[in-house]
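Here is final14.csv, consisting of CSV, C-alpha atoms and all ligand atoms:
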```csv
chain,number,residue,atom,x,y,z
A,1,MET,CA,5.2,13.4,16.2
A,2,GLY,CA,5.0,11.7,19.5
A,3,PRO,CA,1.9,12.0,21.6
A,4,SER,CA,-0.1,13.7,18.9
A,5,ALA,CA,0.1,10.7,16.7
A,6,ALA,CA,-3.4,9.7,17.4
A,7,ALA,CA,-6.1,11.5,19.3
A,8,LEU,CA,-9.8,11.1,19.7
A,9,ALA,CA,-12.2,14.0,19.2
A,10,LEU,CA,-15.9,14.0,19.0
A,11,LEU,CA,-16.1,17.0,16.6
A,12,GLY,CA,-18.2,15.0,14.2
A,13,LEU,CA,-20.9,14.2,16.6
A,14,TRP,CA,-23.3,16.9,15.9
A,15,LEU,CA,-23.3,15.9,12.2
A,16,LEU,CA,-24.7,12.5,13.2
A,17,THR,CA,-27.9,14.0,14.6
A,18,ALA,CA,-30.9,14.4,12.3
A,19,ASP,CA,-30.6,17.4,10.1
A,20,PRO,CA,-33.2,20.1,10.4
A,21,PRO,CA,-34.2,21.2,6.8
A,22,TRP,CA,-32.2,24.5,7.1
A,23,CYS,CA,-29.0,22.4,7.4
A,24,LEU,CA,-29.3,20.9,4.0
A,25,GLY,CA,-27.4,23.7,2.2
A,26,LEU,CA,-24.7,23.5,4.9
A,27,ASP,CA,-24.4,19.8,4.5
A,28,LEU,CA,-24.0,20.1,0.7
A,29,LYS,CA,-21.1,22.5,1.3
A,30,LEU,CA,-19.7,20.2,4.0
A,31,ASN,CA,-19.6,17.2,1.8
A,32,GLU,CA,-18.1,19.1,-1.1
A,33,ALA,CA,-14.6,17.7,-1.9
A,34,VAL,CA,-11.9,20.3,-2.0
A,35,GLU,CA,-8.8,19.6,-4.2
A,36,LEU,CA,-5.5,21.2,-4.0
A,37,ASN,CA,-2.4,20.4,-6.0
A,38,ALA,CA,1.0,20.8,-4.4
A,39,THR,CA,3.4,20.7,-7.4
A,40,MET,CA,6.9,21.8,-8.0
A,41,PRO,CA,7.1,25.0,-9.9
A,42,ALA,CA,9.8,25.6,-12.6
A,43,PHE,CA,13.3,26.2,-11.1
A,44,LYS,CA,16.6,26.3,-12.7
A,45,VAL,CA,19.0,23.6,-11.4
A,46,ASP,CA,21.8,22.0,-13.3
A,47,GLN,CA,23.1,19.2,-11.1
A,48,ASP,CA,21.7,15.7,-10.7
A,49,ASP,CA,20.4,14.3,-7.4
A,50,THR,CA,18.7,17.5,-6.1
A,51,TYR,CA,16.3,18.1,-3.3
A,52,LEU,CA,13.8,20.8,-4.1
A,53,CYS,CA,11.2,22.2,-1.7
A,54,THR,CA,8.2,24.4,-2.4
A,55,SER,CA,5.5,25.6,-0.1
A,56,VAL,CA,1.8,25.8,-0.7
A,57,ALA,CA,-0.4,27.9,1.6
A,58,LEU,CA,-3.7,26.2,2.7
A,59,PRO,CA,-6.9,28.2,2.6
A,60,ASP,CA,-6.9,30.5,5.6
A,61,THR,CA,-10.6,31.1,5.7
A,62,GLU,CA,-11.8,27.8,7.2
A,63,PRO,CA,-10.4,24.7,8.8
A,64,LEU,CA,-10.3,21.7,6.4
A,65,GLN,CA,-9.7,17.9,6.8
A,66,LEU,CA,-7.0,16.3,4.7
A,67,VAL,CA,-8.1,12.8,3.9
A,68,GLY,CA,-6.1,11.7,0.8
A,69,PHE,CA,-3.0,12.0,-1.2
A,70,GLN,CA,-2.4,11.2,-4.8
A,71,PRO,CA,1.1,11.3,-6.3
A,72,LEU,CA,1.5,13.2,-9.5
A,73,SER,CA,4.8,11.8,-10.5
A,74,SER,CA,6.7,8.9,-11.9
A,75,LYS,CA,9.5,6.7,-10.6
A,76,GLU,CA,11.6,7.5,-13.7
A,77,VAL,CA,11.9,11.1,-12.5
A,78,VAL,CA,11.5,11.1,-8.7
A,79,HIS,CA,13.2,9.1,-6.0
A,80,HIS,CA,10.9,10.2,-3.3
A,81,MET,CA,8.6,12.9,-2.2
A,82,LEU,CA,7.7,14.0,1.3
A,83,LEU,CA,4.9,16.3,2.3
A,84,PHE,CA,5.4,18.2,5.6
A,85,GLY,CA,2.7,20.1,7.5
A,86,CYS,CA,4.0,23.4,9.0
A,87,ASP,CA,3.0,26.6,10.6
A,88,ALA,CA,5.5,28.5,8.4
A,89,PRO,CA,7.8,27.2,5.7
A,90,ALA,CA,11.6,27.3,6.2
A,91,SER,CA,12.0,29.7,3.2
A,92,GLN,CA,9.9,32.4,1.7
A,93,ASP,CA,11.2,31.5,-1.8
A,94,LYS,CA,8.8,29.8,-4.1
A,95,VAL,CA,11.3,27.0,-4.6
A,96,TRP,CA,14.5,26.3,-2.7
A,97,GLN,CA,17.1,23.6,-2.5
A,98,CYS,CA,16.6,21.7,0.7
A,99,SER,CA,18.9,18.7,1.0
A,100,MET,CA,19.3,17.8,4.7
A,101,GLN,CA,17.5,21.0,5.9
A,102,PRO,CA,14.3,21.4,7.8
A,103,ALA,CA,11.3,22.0,5.6
A,104,CYS,CA,9.5,24.3,8.1
A,105,ALA,CA,10.4,27.1,10.3
A,106,GLY,CA,9.7,25.7,13.7
A,107,GLY,CA,8.5,22.1,14.0
A,108,ASP,CA,7.5,20.1,11.0
A,109,HIS,CA,5.7,16.8,10.7
A,110,VAL,CA,5.5,14.4,7.8
A,111,MET,CA,2.0,13.9,6.5
A,112,TYR,CA,2.7,11.8,3.5
A,113,GLY,CA,5.7,10.1,1.9
A,114,TRP,CA,6.0,8.7,-1.6
A,115,GLY,CA,8.7,6.2,-2.6
A,116,ARG,CA,9.2,5.1,-6.1
A,117,GLY,CA,6.1,3.8,-7.7
A,118,ALA,CA,3.9,3.8,-4.6
A,119,ASP,CA,0.1,4.3,-4.8
A,120,ALA,CA,-2.2,7.0,-3.7
A,121,MET,CA,-3.1,7.0,0.0
A,122,HIS,CA,-6.5,7.5,1.4
A,123,LEU,CA,-6.8,7.7,5.1
A,124,PRO,CA,-9.2,5.2,6.7
A,125,PRO,CA,-12.8,6.4,6.9
A,126,GLY,CA,-13.4,8.9,9.7
A,127,THR,CA,-9.7,9.8,9.9
A,128,SER,CA,-8.0,13.0,8.8
A,129,PHE,CA,-5.2,15.6,9.3
A,130,SER,CA,-6.8,18.8,10.4
A,131,VAL,CA,-5.3,21.8,8.6
A,132,GLY,CA,-5.9,25.5,8.2
A,133,PRO,CA,-7.0,28.1,10.8
A,134,GLY,CA,-6.9,26.9,14.4
A,135,THR,CA,-4.5,24.0,13.6
A,136,ALA,CA,-0.7,23.7,13.5
A,137,VAL,CA,-0.7,23.4,9.7
A,138,ALA,CA,-1.1,26.6,7.7
A,139,HIS,CA,1.2,25.5,4.9
A,140,VAL,CA,2.3,22.3,3.3
A,141,VAL,CA,5.9,21.9,2.1
A,142,LEU,CA,6.6,19.5,-0.6
A,143,GLN,CA,10.1,18.1,-0.8
A,144,ILE,CA,11.1,16.2,-3.9
A,145,HIS,CA,14.3,14.3,-4.4
A,146,TYR,CA,15.0,14.1,-8.1
A,147,MET,CA,17.3,11.2,-9.2
A,148,GLY,CA,18.9,12.5,-12.3
A,149,LYS,CA,18.5,15.9,-13.9
A,150,ARG,CA,15.0,17.3,-13.5
A,151,PRO,CA,13.2,17.1,-16.8
A,152,GLU,CA,12.3,20.5,-18.3
A,153,LYS,CA,8.5,20.3,-18.1
A,154,ASP,CA,8.3,18.4,-14.9
A,155,GLU,CA,5.3,19.1,-12.7
A,156,SER,CA,5.7,16.4,-10.1
A,157,GLY,CA,3.8,16.8,-6.9
A,158,VAL,CA,1.0,15.6,-4.8
A,159,ARG,CA,-2.8,16.1,-5.2
A,160,LEU,CA,-4.4,16.7,-1.8
A,161,SER,CA,-8.0,15.6,-1.1
A,162,LEU,CA,-9.7,17.7,1.5
A,163,THR,CA,-13.2,18.0,3.0
A,164,ARG,CA,-15.0,20.4,5.2
A,165,GLN,CA,-16.7,17.5,7.0
A,166,PRO,CA,-15.1,17.2,10.5
A,167,GLN,CA,-13.7,13.7,11.1
A,168,PRO,CA,-13.7,11.9,14.5
A,169,LEU,CA,-10.2,10.5,14.4
A,170,ALA,CA,-6.9,12.3,14.0
A,171,ALA,CA,-4.2,10.9,11.7
A,172,GLY,CA,-0.5,11.1,12.5
A,173,MET,CA,2.8,9.7,11.3
A,174,LEU,CA,5.5,8.3,13.4
A,175,HIS,CA,8.9,8.1,11.7
A,176,PHE,CA,11.9,6.5,13.1
A,177,ALA,CA,15.5,5.8,12.1
A,178,SER,CA,18.2,4.2,14.1
A,179,TRP,CA,21.9,4.9,14.3
A,180,PHE,CA,24.2,2.0,13.4
A,181,SER,CA,27.5,1.2,11.8
A,182,ILE,CA,28.4,-1.5,9.4
A,183,PRO,CA,31.7,-3.3,10.0
A,184,PRO,CA,34.1,-3.5,7.1
A,185,ARG,CA,34.6,-6.6,4.9
A,186,GLN,CA,31.3,-8.3,5.7
A,187,PRO,CA,29.3,-10.0,3.0
A,188,SER,CA,26.2,-8.9,4.8
A,189,HIS,CA,25.2,-7.2,8.1
A,190,HIS,CA,21.9,-7.4,9.8
A,191,ILE,CA,20.4,-4.3,11.4
A,192,ASP,CA,17.4,-4.4,13.8
A,193,ASN,CA,15.4,-1.2,13.9
A,194,ARG,CA,12.8,-1.1,16.5
A,195,CYS,CA,10.2,1.5,16.8
A,196,CYS,CA,7.6,2.2,19.4
A,197,PHE,CA,4.6,4.2,20.1
A,198,ASN,CA,4.5,5.4,23.7
A,199,GLY,CA,1.9,8.2,23.6
A,200,PHE,CA,-1.0,8.0,26.0
A,201,GLU,CA,-3.8,8.0,23.5
A,202,PRO,CA,-4.9,4.8,21.9
A,203,ALA,CA,-3.4,4.5,18.4
A,204,GLU,CA,-3.9,2.1,15.6
A,205,GLY,CA,-1.5,1.5,12.8
A,206,PHE,CA,-3.0,1.4,9.3
A,207,ALA,CA,0.0,1.8,7.0
A,208,PHE,CA,3.7,1.1,7.2
A,209,ARG,CA,6.6,1.7,5.1
A,210,VAL,CA,10.3,0.8,5.3
A,211,HIS,CA,13.1,2.6,3.5
A,212,THR,CA,16.8,2.2,2.9
A,213,HIS,CA,19.4,4.0,0.8
A,214,LEU,CA,22.1,2.6,-1.3
A,215,LEU,CA,23.4,-0.2,0.8
A,216,GLY,CA,20.1,-1.7,1.7
A,217,ARG,CA,19.5,-5.1,0.0
A,218,TYR,CA,16.6,-6.7,1.9
A,219,LEU,CA,13.9,-5.2,4.1
A,220,HIS,CA,11.5,-6.8,6.4
A,221,ILE,CA,8.9,-5.5,8.8
A,222,HIS,CA,6.9,-7.3,11.4
A,223,ALA,CA,4.6,-6.3,14.3
A,224,VAL,CA,5.6,-7.2,17.8
A,225,PRO,CA,2.4,-7.5,19.8
B,301,LIG,C1,-4.3,18.8,-10.3
B,301,LIG,O1,-3.4,18.2,-11.2
B,301,LIG,C2,-4.0,17.2,-12.0
B,301,LIG,C3,-3.0,16.5,-12.8
B,301,LIG,O2,-2.1,17.4,-13.4
B,301,LIG,C4,-5.1,17.9,-12.9
B,301,LIG,O3,-5.8,17.0,-13.7
B,301,LIG,C5,-6.1,18.6,-12.0
B,301,LIG,O4,-7.0,19.4,-12.7
B,301,LIG,C6,-5.4,19.6,-11.0
B,301,LIG,N1,-6.4,20.1,-10.0
B,301,LIG,C7,-6.4,21.3,-9.6
B,301,LIG,C8,-7.4,21.7,-8.6
B,301,LIG,O5,-5.7,22.2,-10.1
```
Take the structure in this file and express it as structure tokens.
Ligand SMILES: *[C@@H]1O[C@H](CO)[C@@H](O)[C@H](O)[C@H]1NC(C)=O
Amino acid sequence: MGPSAAALALLGLWLLTADPPWCLGLDLKLNEAVELNATMPAFKVDQDDTYLCTSVALPDTEPLQLVGFQPLSSKEVVHHMLLFGCDAPASQDKVWQCSMQPACAGGDHVMYGWGRGADAMHLPPGTSFSVGPGTAVAHVVLQIHYMGKRPEKDESGVRLSLTRQPQPLAAGMLHFASWFSIPPRQPSHHIDNRCCFNGFEPAEGFAFRVHTHLLGRYLHIHAVP
């Protein structure tokens, strides 16, 4: 996501001023939580180890702030889920197979990732992803990697918590993988994977995750000041 990983905006400022009485109704509406489920619809697939994608259109009537994610899944069924924000999904189908393919037409950015057994994520107070009209995110695409065969009544997905209340800080995700090779016949091989933020806006990290596939045995992360 590069430079947009963090940005400051003062959109919320007017809300901090004293409310004239006529604002009360508006405030109630602003504070109302909006919930949206992005879940995987039924789709016939026979093989194990599939990647399925589905897209969910966000309301196009007003901009919203995405402030939390709750997984609706279990580690017995799902290896991982990724939620992408896009202008338009890569496919018009309700569900499509999406192993190693982009989730969005045009650019995509990951807003949430769930690895086996992880918890819900609520963004720090005052922080959100802006979605809907006037933003780059009109749709979310949910990608699910199923380990074995997908159970018949599976409704895995992510519950999104949204609010109308503008938030002063923009959330972003920086993802990073490095290219490396592992020499043959080694009992173990250490790989350093360094990541960096070099945008011009001030950014503060609040959550980190590391991930490996089959050959990973031990993972470690530390911050270099
Ligand atoms: C989202 O899914 C959860 C769990 O299946 C359910 O309890 C909740 O009512 C759903 N919310 C909406 C807005 O559909």
query = When distances are computed from only C-alpha atoms, which of A:Ile182, A:Ala33, A:Ile144, A:Val77 shows the smallest separation from Gly216 (chain A)?
reply =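 Residue with the minimum atom-to-atom distance to Gly216 (chain A): A:Ile182.
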Counting all atoms listed in the file, the residue of A:Leu66, A:Leu162, A:Leu82, A:Leu215 that sits nearest ligand LIG 301 (chain B) =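 The answer is A:Leu162, which sits nearest to ligand LIG 301 (chain B).
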Within 9 Å of ligand LIG 301 (chain B) (all atoms listed in the file), residues as a compact mmCIF listing (two decimals) with C-alpha atoms, in the frame of the given file:
```txt
# COMPACT_ATOMS: atom_id res chain seq x y z
CA VAL A 34 -11.90 20.30 -2.00
CA GLU A 35 -8.80 19.60 -4.20
CA LEU A 36 -5.50 21.20 -4.00
CA ASN A 37 -2.40 20.40 -6.00
CA ALA A 38 1.00 20.80 -4.40
CA THR A 39 3.40 20.70 -7.40
CA LEU A 72 1.50 13.20 -9.50
CA GLU A 155 5.30 19.10 -12.70
CA SER A 156 5.70 16.40 -10.10
CA GLY A 157 3.80 16.80 -6.90
CA VAL A 158 1.00 15.60 -4.80
CA ARG A 159 -2.80 16.10 -5.20
CA LEU A 160 -4.40 16.70 -1.80
```
ask   = Which residue out of A:Gly106, A:Gly85, A:Gly68, A:Pro133 has the minimum interatomic distance to Asp119 (chain A) when only C-alpha atoms are used?
value =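 Going through A:Gly106, A:Gly85, A:Gly68, A:Pro133 one by one, the smallest distance to Asp119 (chain A) is for A:Gly68.
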inquiry  = Considering all atoms listed in the file, can you say which of A:Leu58, A:Glu76, A:Gly132, A:Tyr51 comes closest to Gln101 (chain A)?
reply    =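 Of A:Leu58, A:Glu76, A:Gly132, A:Tyr51, the one nearest Gln101 (chain A) is A:Tyr51, counting all atoms listed in the file.
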request  = Tell me, in Å to one decimal, how far CA of Asp48 (chain A) is from CA of Arg116 (chain A).
outcome  =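 These atoms are spaced 17.0 Å apart.
Neighbouring residues of Ser91 (chain A) at 10 Å or closer, counting only C-alpha atoms and skipping chain neighbours under 6 positions away, are Cys53, Thr54, Ser55, Gln97, Cys98, Pro102, Ala103, Cys104, Ala105 and Val141 of chain A.
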request  = For Ser181 (chain A), please output as an MDAnalysis selection string all residues within 12 Å (counting all atoms listed in the file; exclusion window: fewer than 5 positions along the same chain).
outcome  = chainID A and resid 186 189:192 215
Please provide as a CSV table (one decimal) with C-alpha atoms, keeping the file's coordinate frame all residues within 7 Å of Ala57 (chain A), with the sequence filter that same-chain residues fewer than 4 positions apart are discarded (counting only C-alpha atoms).
```csv
chain,number,residue,atom,x,y,z
A,138,ALA,CA,-1.1,26.6,7.7
A,139,HIS,CA,1.2,25.5,4.9
A,140,VAL,CA,2.3,22.3,3.3
```
remark   = One decimal place gives the CA of Ala136 (chain A)-CA of Ser178 (chain A) separation as 27.2 Å
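Between CA of Leu64 (chain A) and CA of Gln165 (chain A) the separation is 7.7 Å.
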request  = Identify, on the basis of only C-alpha atoms, every residue whose closest approach to Met111 (chain A) does not exceed 7 Å; exclude the query and any residue fewer than 3 positions from it along the same chain; express the result as a ChimeraX atom specification.
outcome  = /A:83-85,173
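Proximity to Ser128 (chain A) was assessed for A:Lys29, A:Lys153, A:Lys44, A:Arg164 counting only C-alpha atoms; the smallest distance is recorded for A:Arg164.
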